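Asker: Input file: work_0.cif. Contents: mmCIF, N, CA and C atoms.
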data_query
#
loop_
_atom_site.label_atom_id
_atom_site.label_comp_id
_atom_site.auth_asym_id
_atom_site.auth_seq_id
_atom_site.Cartn_x
_atom_site.Cartn_y
_atom_site.Cartn_z
N MET A 1 -29.34 125.59 -51.33
CA MET A 1 -30.73 125.93 -51.60
C MET A 1 -31.47 124.81 -52.32
N LYS A 2 -30.75 124.07 -53.15
CA LYS A 2 -31.37 122.98 -53.91
C LYS A 2 -31.96 121.93 -52.96
N HIS A 3 -31.22 121.60 -51.89
CA HIS A 3 -31.71 120.59 -50.95
C HIS A 3 -32.95 121.09 -50.22
N LEU A 4 -32.96 122.36 -49.90
CA LEU A 4 -34.12 122.93 -49.22
C LEU A 4 -35.35 122.86 -50.12
N LEU A 5 -35.17 123.14 -51.39
CA LEU A 5 -36.28 123.03 -52.35
C LEU A 5 -36.78 121.59 -52.45
N ASP A 6 -35.87 120.63 -52.38
CA ASP A 6 -36.28 119.22 -52.41
C ASP A 6 -37.14 118.89 -51.19
N TYR A 7 -36.73 119.39 -50.03
CA TYR A 7 -37.51 119.15 -48.80
C TYR A 7 -38.87 119.85 -48.87
N LEU A 8 -38.87 121.08 -49.39
CA LEU A 8 -40.14 121.81 -49.54
C LEU A 8 -41.07 121.08 -50.51
N SER A 9 -40.48 120.52 -51.56
CA SER A 9 -41.28 119.78 -52.53
C SER A 9 -42.00 118.61 -51.86
N ILE A 10 -41.25 117.83 -51.11
CA ILE A 10 -41.84 116.68 -50.40
C ILE A 10 -42.87 117.17 -49.38
N ALA A 11 -42.52 118.23 -48.64
CA ALA A 11 -43.44 118.77 -47.63
C ALA A 11 -44.75 119.23 -48.27
N LEU A 12 -44.68 119.84 -49.44
CA LEU A 12 -45.90 120.29 -50.12
C LEU A 12 -46.76 119.11 -50.58
N TRP A 13 -46.13 118.05 -51.11
CA TRP A 13 -46.91 116.87 -51.49
C TRP A 13 -47.61 116.30 -50.26
N LEU A 14 -46.87 116.21 -49.15
CA LEU A 14 -47.47 115.67 -47.91
C LEU A 14 -48.56 116.60 -47.36
N ALA A 15 -48.34 117.91 -47.49
CA ALA A 15 -49.35 118.87 -47.03
C ALA A 15 -50.64 118.73 -47.84
N GLY A 16 -50.49 118.59 -49.15
CA GLY A 16 -51.68 118.40 -49.99
C GLY A 16 -52.46 117.18 -49.55
N ILE A 17 -51.75 116.07 -49.33
CA ILE A 17 -52.39 114.84 -48.87
C ILE A 17 -52.92 115.00 -47.45
N GLY A 18 -52.17 115.73 -46.62
CA GLY A 18 -52.58 115.95 -45.23
C GLY A 18 -53.95 116.60 -45.10
N HIS A 19 -54.27 117.49 -46.03
CA HIS A 19 -55.60 118.12 -45.99
C HIS A 19 -56.70 117.07 -46.14
N PHE A 20 -56.45 116.07 -46.95
CA PHE A 20 -57.46 115.02 -47.14
C PHE A 20 -57.53 114.08 -45.94
N CYS A 21 -56.43 113.97 -45.18
CA CYS A 21 -56.46 113.20 -43.93
C CYS A 21 -57.37 113.88 -42.91
N ILE A 22 -57.38 115.20 -42.93
CA ILE A 22 -58.25 115.95 -42.02
C ILE A 22 -59.71 115.62 -42.31
N LEU A 23 -60.02 115.37 -43.57
CA LEU A 23 -61.40 115.03 -43.93
C LEU A 23 -61.86 113.76 -43.23
N PHE A 24 -60.95 112.81 -43.06
CA PHE A 24 -61.29 111.57 -42.36
C PHE A 24 -61.81 111.89 -40.96
N ALA A 25 -61.13 112.80 -40.27
CA ALA A 25 -61.58 113.21 -38.93
C ALA A 25 -62.86 114.04 -39.03
N SER A 26 -62.94 114.91 -40.01
CA SER A 26 -64.10 115.80 -40.15
C SER A 26 -65.40 115.03 -40.34
N PHE A 27 -65.34 113.96 -41.11
CA PHE A 27 -66.56 113.19 -41.36
C PHE A 27 -67.03 112.46 -40.11
N GLN A 28 -66.16 112.29 -39.13
CA GLN A 28 -66.52 111.63 -37.89
C GLN A 28 -67.11 112.60 -36.85
N VAL A 29 -66.89 113.88 -37.05
CA VAL A 29 -67.29 114.88 -36.05
C VAL A 29 -68.77 114.82 -35.68
N PRO A 30 -69.69 114.87 -36.64
CA PRO A 30 -71.11 114.87 -36.23
C PRO A 30 -71.49 113.68 -35.35
N GLY A 31 -71.05 112.50 -35.71
CA GLY A 31 -71.41 111.31 -34.94
C GLY A 31 -70.70 111.23 -33.61
N ARG A 32 -69.40 111.44 -33.61
CA ARG A 32 -68.61 111.30 -32.38
C ARG A 32 -68.87 112.41 -31.37
N LEU A 33 -69.26 113.59 -31.86
CA LEU A 33 -69.51 114.70 -30.95
C LEU A 33 -70.99 114.90 -30.65
N GLY A 34 -71.80 113.98 -31.11
CA GLY A 34 -73.22 114.00 -30.73
C GLY A 34 -74.03 115.13 -31.32
N TRP A 35 -73.74 115.50 -32.56
CA TRP A 35 -74.50 116.59 -33.16
C TRP A 35 -75.97 116.26 -33.30
N LYS A 36 -76.30 114.98 -33.45
CA LYS A 36 -77.71 114.59 -33.61
C LYS A 36 -78.52 114.98 -32.37
N GLU A 37 -77.88 114.90 -31.21
CA GLU A 37 -78.55 115.28 -29.96
C GLU A 37 -78.42 116.77 -29.67
N ASP A 38 -77.27 117.36 -29.99
CA ASP A 38 -77.01 118.75 -29.61
C ASP A 38 -77.61 119.77 -30.56
N LEU A 39 -77.52 119.55 -31.86
CA LEU A 39 -77.99 120.56 -32.81
C LEU A 39 -79.50 120.82 -32.74
N PRO A 40 -80.34 119.82 -32.46
CA PRO A 40 -81.77 120.13 -32.34
C PRO A 40 -82.11 121.09 -31.20
N LYS A 41 -81.19 121.27 -30.26
CA LYS A 41 -81.42 122.20 -29.16
C LYS A 41 -81.27 123.65 -29.61
N LEU A 42 -80.65 123.85 -30.77
CA LEU A 42 -80.48 125.19 -31.30
C LEU A 42 -81.73 125.63 -32.06
N THR A 43 -81.86 126.94 -32.25
CA THR A 43 -82.94 127.42 -33.09
C THR A 43 -82.67 126.95 -34.52
N PRO A 44 -83.70 126.87 -35.36
CA PRO A 44 -83.47 126.42 -36.74
C PRO A 44 -82.39 127.23 -37.46
N PHE A 45 -82.39 128.54 -37.27
CA PHE A 45 -81.39 129.37 -37.93
C PHE A 45 -79.98 129.02 -37.46
N ASN A 46 -79.78 128.92 -36.15
CA ASN A 46 -78.45 128.60 -35.61
C ASN A 46 -78.00 127.19 -36.01
N ARG A 47 -78.93 126.26 -36.09
CA ARG A 47 -78.61 124.90 -36.54
C ARG A 47 -78.13 124.93 -37.99
N LYS A 48 -78.85 125.66 -38.83
CA LYS A 48 -78.45 125.78 -40.23
C LYS A 48 -77.11 126.50 -40.35
N LEU A 49 -76.92 127.52 -39.52
CA LEU A 49 -75.66 128.26 -39.52
C LEU A 49 -74.48 127.34 -39.17
N MET A 50 -74.67 126.45 -38.21
CA MET A 50 -73.61 125.48 -37.86
C MET A 50 -73.26 124.61 -39.05
N TRP A 51 -74.28 124.12 -39.77
CA TRP A 51 -74.02 123.28 -40.94
C TRP A 51 -73.33 124.07 -42.05
N VAL A 52 -73.71 125.35 -42.19
CA VAL A 52 -73.05 126.20 -43.20
C VAL A 52 -71.58 126.39 -42.83
N TYR A 53 -71.31 126.69 -41.55
CA TYR A 53 -69.92 126.85 -41.11
C TYR A 53 -69.13 125.57 -41.32
N ALA A 54 -69.72 124.45 -40.95
CA ALA A 54 -69.04 123.16 -41.12
C ALA A 54 -68.78 122.88 -42.61
N GLY A 55 -69.78 123.15 -43.44
CA GLY A 55 -69.63 122.90 -44.87
C GLY A 55 -68.60 123.79 -45.53
N THR A 56 -68.59 125.07 -45.17
CA THR A 56 -67.62 125.97 -45.80
C THR A 56 -66.20 125.68 -45.31
N THR A 57 -66.06 125.29 -44.06
CA THR A 57 -64.74 124.89 -43.56
C THR A 57 -64.27 123.64 -44.30
N LEU A 58 -65.16 122.70 -44.49
CA LEU A 58 -64.83 121.47 -45.22
C LEU A 58 -64.41 121.80 -46.66
N GLN A 59 -65.16 122.66 -47.32
CA GLN A 59 -64.81 123.07 -48.69
C GLN A 59 -63.45 123.76 -48.74
N THR A 60 -63.17 124.58 -47.74
CA THR A 60 -61.89 125.28 -47.69
C THR A 60 -60.74 124.30 -47.58
N ILE A 61 -60.88 123.31 -46.70
CA ILE A 61 -59.82 122.32 -46.51
C ILE A 61 -59.63 121.49 -47.78
N ILE A 62 -60.71 121.11 -48.43
CA ILE A 62 -60.61 120.38 -49.70
C ILE A 62 -59.90 121.25 -50.74
N ALA A 63 -60.27 122.52 -50.82
CA ALA A 63 -59.64 123.43 -51.79
C ALA A 63 -58.15 123.57 -51.49
N PHE A 64 -57.78 123.68 -50.21
CA PHE A 64 -56.36 123.78 -49.86
C PHE A 64 -55.59 122.55 -50.36
N GLY A 65 -56.17 121.38 -50.16
CA GLY A 65 -55.51 120.16 -50.61
C GLY A 65 -55.38 120.11 -52.11
N ILE A 66 -56.47 120.37 -52.81
CA ILE A 66 -56.45 120.33 -54.28
C ILE A 66 -55.48 121.37 -54.84
N LEU A 67 -55.58 122.60 -54.34
CA LEU A 67 -54.72 123.67 -54.86
C LEU A 67 -53.25 123.40 -54.56
N THR A 68 -52.95 122.83 -53.41
CA THR A 68 -51.56 122.51 -53.09
C THR A 68 -51.02 121.47 -54.05
N LEU A 69 -51.80 120.45 -54.34
CA LEU A 69 -51.34 119.40 -55.25
C LEU A 69 -51.21 119.91 -56.69
N PHE A 70 -52.18 120.70 -57.13
CA PHE A 70 -52.16 121.19 -58.51
C PHE A 70 -51.19 122.35 -58.73
N LEU A 71 -50.93 123.13 -57.70
CA LEU A 71 -50.03 124.28 -57.83
C LEU A 71 -48.66 124.01 -57.20
N HIS A 72 -48.34 122.75 -57.00
CA HIS A 72 -47.10 122.36 -56.34
C HIS A 72 -45.89 123.09 -56.94
N ASP A 73 -45.74 123.04 -58.25
CA ASP A 73 -44.58 123.66 -58.90
C ASP A 73 -44.60 125.18 -58.76
N GLN A 74 -45.78 125.77 -58.77
CA GLN A 74 -45.88 127.23 -58.62
C GLN A 74 -45.44 127.66 -57.21
N PHE A 75 -45.79 126.85 -56.20
CA PHE A 75 -45.32 127.14 -54.84
C PHE A 75 -43.79 127.11 -54.81
N LEU A 76 -43.21 126.10 -55.43
CA LEU A 76 -41.75 125.95 -55.41
C LEU A 76 -41.05 127.03 -56.23
N ASN A 77 -41.66 127.45 -57.33
CA ASN A 77 -41.06 128.45 -58.20
C ASN A 77 -41.23 129.87 -57.68
N GLY A 78 -42.06 130.05 -56.67
CA GLY A 78 -42.25 131.38 -56.10
C GLY A 78 -43.24 132.24 -56.85
N ASP A 79 -44.15 131.62 -57.59
CA ASP A 79 -45.20 132.37 -58.28
C ASP A 79 -45.94 133.24 -57.26
N ARG A 80 -46.14 134.50 -57.60
CA ARG A 80 -46.72 135.45 -56.63
C ARG A 80 -48.09 135.00 -56.12
N ALA A 81 -48.94 134.50 -57.01
CA ALA A 81 -50.27 134.06 -56.57
C ALA A 81 -50.16 132.85 -55.65
N ALA A 82 -49.25 131.93 -55.97
CA ALA A 82 -49.07 130.75 -55.13
C ALA A 82 -48.52 131.14 -53.75
N ILE A 83 -47.61 132.11 -53.72
CA ILE A 83 -47.07 132.56 -52.44
C ILE A 83 -48.15 133.26 -51.63
N ALA A 84 -48.99 134.05 -52.30
CA ALA A 84 -50.12 134.68 -51.60
C ALA A 84 -51.04 133.61 -51.02
N LEU A 85 -51.30 132.56 -51.78
CA LEU A 85 -52.11 131.46 -51.28
C LEU A 85 -51.42 130.77 -50.11
N ALA A 86 -50.11 130.59 -50.19
CA ALA A 86 -49.36 129.98 -49.08
C ALA A 86 -49.49 130.82 -47.81
N VAL A 87 -49.43 132.14 -47.95
CA VAL A 87 -49.62 133.02 -46.78
C VAL A 87 -51.01 132.80 -46.19
N PHE A 88 -52.03 132.76 -47.05
CA PHE A 88 -53.40 132.57 -46.57
C PHE A 88 -53.55 131.22 -45.85
N ILE A 89 -53.03 130.15 -46.45
CA ILE A 89 -53.15 128.83 -45.83
C ILE A 89 -52.36 128.79 -44.52
N ALA A 90 -51.17 129.38 -44.51
CA ALA A 90 -50.37 129.42 -43.28
C ALA A 90 -51.10 130.16 -42.17
N ILE A 91 -51.72 131.29 -42.50
CA ILE A 91 -52.48 132.06 -41.51
C ILE A 91 -53.68 131.24 -41.02
N PHE A 92 -54.37 130.56 -41.95
CA PHE A 92 -55.53 129.74 -41.59
C PHE A 92 -55.14 128.70 -40.54
N TRP A 93 -54.07 127.93 -40.80
CA TRP A 93 -53.68 126.86 -39.87
C TRP A 93 -53.06 127.42 -38.59
N THR A 94 -52.35 128.52 -38.69
CA THR A 94 -51.81 129.14 -37.48
C THR A 94 -52.94 129.63 -36.59
N THR A 95 -53.96 130.23 -37.20
CA THR A 95 -55.12 130.69 -36.44
C THR A 95 -55.82 129.51 -35.77
N ARG A 96 -55.95 128.40 -36.49
CA ARG A 96 -56.60 127.20 -35.92
C ARG A 96 -55.83 126.69 -34.70
N ILE A 97 -54.51 126.72 -34.78
CA ILE A 97 -53.68 126.30 -33.64
C ILE A 97 -53.85 127.26 -32.47
N LEU A 98 -53.84 128.56 -32.75
CA LEU A 98 -54.00 129.56 -31.68
C LEU A 98 -55.37 129.44 -31.01
N VAL A 99 -56.41 129.19 -31.80
CA VAL A 99 -57.75 128.99 -31.23
C VAL A 99 -57.73 127.80 -30.29
N ASP A 100 -57.06 126.74 -30.71
CA ASP A 100 -56.98 125.54 -29.89
C ASP A 100 -56.32 125.83 -28.55
N PHE A 101 -55.21 126.56 -28.57
CA PHE A 101 -54.46 126.81 -27.35
C PHE A 101 -54.98 127.97 -26.51
N LEU A 102 -55.59 128.96 -27.15
CA LEU A 102 -55.99 130.16 -26.42
C LEU A 102 -57.49 130.26 -26.12
N TYR A 103 -58.30 129.52 -26.85
CA TYR A 103 -59.75 129.63 -26.66
C TYR A 103 -60.35 128.36 -26.09
N PHE A 104 -60.07 127.22 -26.72
CA PHE A 104 -60.58 125.96 -26.19
C PHE A 104 -59.88 125.65 -24.87
N GLU A 105 -60.61 124.98 -24.01
CA GLU A 105 -60.02 124.49 -22.77
C GLU A 105 -60.03 122.98 -22.80
N HIS A 106 -59.13 122.39 -22.03
CA HIS A 106 -59.05 120.92 -21.99
C HIS A 106 -60.41 120.33 -21.63
N SER A 107 -61.12 120.97 -20.73
CA SER A 107 -62.43 120.46 -20.29
C SER A 107 -63.49 120.55 -21.39
N ASP A 108 -63.24 121.36 -22.41
CA ASP A 108 -64.18 121.47 -23.53
C ASP A 108 -64.20 120.20 -24.38
N TRP A 109 -63.08 119.51 -24.44
CA TRP A 109 -62.94 118.35 -25.33
C TRP A 109 -63.67 117.15 -24.75
N PRO A 110 -64.22 116.31 -25.60
CA PRO A 110 -64.86 115.07 -25.13
C PRO A 110 -63.84 114.19 -24.41
N GLN A 111 -64.33 113.42 -23.45
CA GLN A 111 -63.47 112.54 -22.67
C GLN A 111 -63.21 111.25 -23.42
N GLY A 112 -62.10 110.64 -23.13
CA GLY A 112 -61.77 109.34 -23.72
C GLY A 112 -60.44 109.38 -24.44
N ILE A 113 -59.74 108.27 -24.39
CA ILE A 113 -58.40 108.19 -24.98
C ILE A 113 -58.43 108.44 -26.48
N GLN A 114 -59.49 107.98 -27.17
CA GLN A 114 -59.54 108.19 -28.63
C GLN A 114 -59.61 109.68 -28.97
N PHE A 115 -60.26 110.48 -28.10
CA PHE A 115 -60.33 111.92 -28.36
C PHE A 115 -59.00 112.60 -28.03
N VAL A 116 -58.32 112.14 -27.00
CA VAL A 116 -57.00 112.69 -26.66
C VAL A 116 -56.02 112.41 -27.78
N VAL A 117 -55.97 111.17 -28.24
CA VAL A 117 -55.06 110.80 -29.33
C VAL A 117 -55.43 111.56 -30.61
N GLY A 118 -56.72 111.61 -30.92
CA GLY A 118 -57.17 112.34 -32.11
C GLY A 118 -56.80 113.81 -32.06
N HIS A 119 -56.96 114.42 -30.89
CA HIS A 119 -56.63 115.83 -30.71
C HIS A 119 -55.13 116.05 -30.92
N ILE A 120 -54.32 115.19 -30.35
CA ILE A 120 -52.86 115.30 -30.51
C ILE A 120 -52.46 115.15 -31.97
N LEU A 121 -53.02 114.14 -32.64
CA LEU A 121 -52.68 113.91 -34.05
C LEU A 121 -53.12 115.06 -34.95
N LEU A 122 -54.33 115.55 -34.72
CA LEU A 122 -54.81 116.67 -35.54
C LEU A 122 -53.99 117.93 -35.30
N THR A 123 -53.69 118.21 -34.05
CA THR A 123 -52.89 119.40 -33.74
C THR A 123 -51.50 119.29 -34.35
N ALA A 124 -50.92 118.10 -34.30
CA ALA A 124 -49.60 117.89 -34.93
C ALA A 124 -49.69 118.13 -36.44
N LEU A 125 -50.76 117.66 -37.05
CA LEU A 125 -50.96 117.87 -38.48
C LEU A 125 -51.14 119.36 -38.78
N PHE A 126 -51.92 120.06 -37.95
CA PHE A 126 -52.11 121.50 -38.15
C PHE A 126 -50.76 122.23 -38.07
N PHE A 127 -49.92 121.84 -37.09
CA PHE A 127 -48.58 122.43 -36.97
C PHE A 127 -47.76 122.16 -38.23
N ALA A 128 -47.80 120.93 -38.71
CA ALA A 128 -47.03 120.57 -39.90
C ALA A 128 -47.50 121.37 -41.11
N LEU A 129 -48.81 121.53 -41.24
CA LEU A 129 -49.34 122.31 -42.37
C LEU A 129 -48.91 123.76 -42.27
N ALA A 130 -49.10 124.36 -41.10
CA ALA A 130 -48.70 125.77 -40.93
C ALA A 130 -47.21 125.94 -41.21
N LEU A 131 -46.40 125.06 -40.67
CA LEU A 131 -44.95 125.14 -40.86
C LEU A 131 -44.57 125.00 -42.33
N THR A 132 -45.22 124.11 -43.04
CA THR A 132 -44.91 123.91 -44.46
C THR A 132 -45.17 125.18 -45.26
N TYR A 133 -46.33 125.78 -45.06
CA TYR A 133 -46.66 126.97 -45.86
C TYR A 133 -45.83 128.18 -45.44
N TRP A 134 -45.56 128.33 -44.13
CA TRP A 134 -44.68 129.41 -43.69
C TRP A 134 -43.29 129.20 -44.27
N ALA A 135 -42.82 127.94 -44.33
CA ALA A 135 -41.50 127.65 -44.90
C ALA A 135 -41.44 128.07 -46.36
N VAL A 136 -42.50 127.79 -47.12
CA VAL A 136 -42.53 128.20 -48.52
C VAL A 136 -42.44 129.72 -48.63
N VAL A 137 -43.22 130.41 -47.81
CA VAL A 137 -43.24 131.87 -47.85
C VAL A 137 -41.86 132.43 -47.50
N PHE A 138 -41.30 131.99 -46.38
CA PHE A 138 -40.03 132.55 -45.93
C PHE A 138 -38.86 132.13 -46.82
N PHE A 139 -38.95 130.97 -47.44
CA PHE A 139 -37.92 130.57 -48.40
C PHE A 139 -37.85 131.58 -49.53
N HIS A 140 -39.00 131.92 -50.08
CA HIS A 140 -39.01 132.85 -51.22
C HIS A 140 -38.71 134.29 -50.80
N ILE A 141 -39.10 134.65 -49.59
CA ILE A 141 -38.72 135.98 -49.09
C ILE A 141 -37.21 136.08 -48.93
N SER A 142 -36.62 135.05 -48.31
CA SER A 142 -35.17 135.07 -48.09
C SER A 142 -34.41 134.99 -49.41
N GLU A 143 -34.98 134.27 -50.38
CA GLU A 143 -34.36 134.16 -51.70
C GLU A 143 -34.28 135.53 -52.38
N ARG A 144 -35.31 136.35 -52.18
CA ARG A 144 -35.34 137.67 -52.80
C ARG A 144 -34.43 138.66 -52.05
N ILE A 145 -34.28 138.46 -50.73
CA ILE A 145 -33.46 139.36 -49.93
C ILE A 145 -31.98 139.05 -50.10
N LEU A 146 -31.66 137.77 -50.10
CA LEU A 146 -30.24 137.36 -50.17
C LEU A 146 -29.80 137.33 -51.55
#
Before we go any further, please render this structure as structure tokens.

Answerer:
Amino acid sequence: MKHLLDYLSIALWLAGIGHFCILFASFQVPGRLGWKEDLPKLTPFNRKLMWVYAGTTLQTIIAFGILTLFLHDQFLNGDRAAIALAVFIAIFWTTRILVDFLYFEHSDWPQGIQFVVGHILLTALFFALALTYWAVVFFHISERIL
């Protein structure tokens, strides 16, 4: 069990940092996806709603990164609030992966090799994040059962 905790510790540090890597891609979204041309086609309310959704998603990802780094030891120790947060973060990233595979279509994505590579890298990161938080949750569940 000690070795597993060591791996979870490293995975949590990387997950915390990984959330900030997502920000690098997020800041490119408006320019690379042509929001300057597309958003003015929406009504003012819908345009503002898009920015609110983008902003709250951005804040959520930043909070996940900060909380993971600051609560690292609580995640490892099985603190109930940290485990509840791990469940929430795991569900968030699992849902994002499911949306990608079940709702988006390949034709929805912008064309070009940089978008294909970016999509693959982001999806791999989302998988790693979901797996990390699910691992924390199931580690502590199995610890209590066994």

Asker: Show me a table, sorted first by chain and then by increasing residue number, of the residues of stretch 12-51 of chain A having an atom at most 8 Å from stretch 118-138 of chain A, each with its shortest atom pair and the distance in Å to one decimal, counting only N, CA and C atoms and written as a Markdown table.

Answerer:
| residue | atom | partner | partner_atom | distance |
| --- | --- | --- | --- | --- |
| A:Leu12 | N | A:Thr132 | CA | 6.4 |
| A:Leu14 | C | A:Leu129 | CA | 7.6 |
| A:Ala15 | CA | A:Leu129 | CA | 5.8 |
| A:Gly16 | N | A:Leu129 | CA | 7.8 |
| A:Gly18 | CA | A:Leu125 | CA | 7.2 |
| A:His19 | N | A:Leu129 | CA | 7.8 |
| A:Ile22 | CA | A:Leu122 | CA | 7.4 |

Asker: As a check of understanding, name the residues that the PyMOL selection byres ((chain A and resi 63-73) around 6.5) selects in the supplied structure, as a ChimeraX atom specification.

Answerer: /A:12-13,15-17,19-20,58-62,74-78

Asker: Please report, as a PyMOL selection string, each residue of stretch 30-122 of chain A to which DSSP assigns helix (DSSP H, G or I) when run on this structure's backbone.

Answerer: chain A and resi 30-32+35-41+44-70+72-77+80-102+106-108+113-122

Asker: Quick check, in Å to one decimal: how far apart do atom N of A:His3 and atom C of A:Glu143 lie?

Answerer: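 Between atom N of A:His3 and atom C of A:Glu143 the gap is 14.3 Å.
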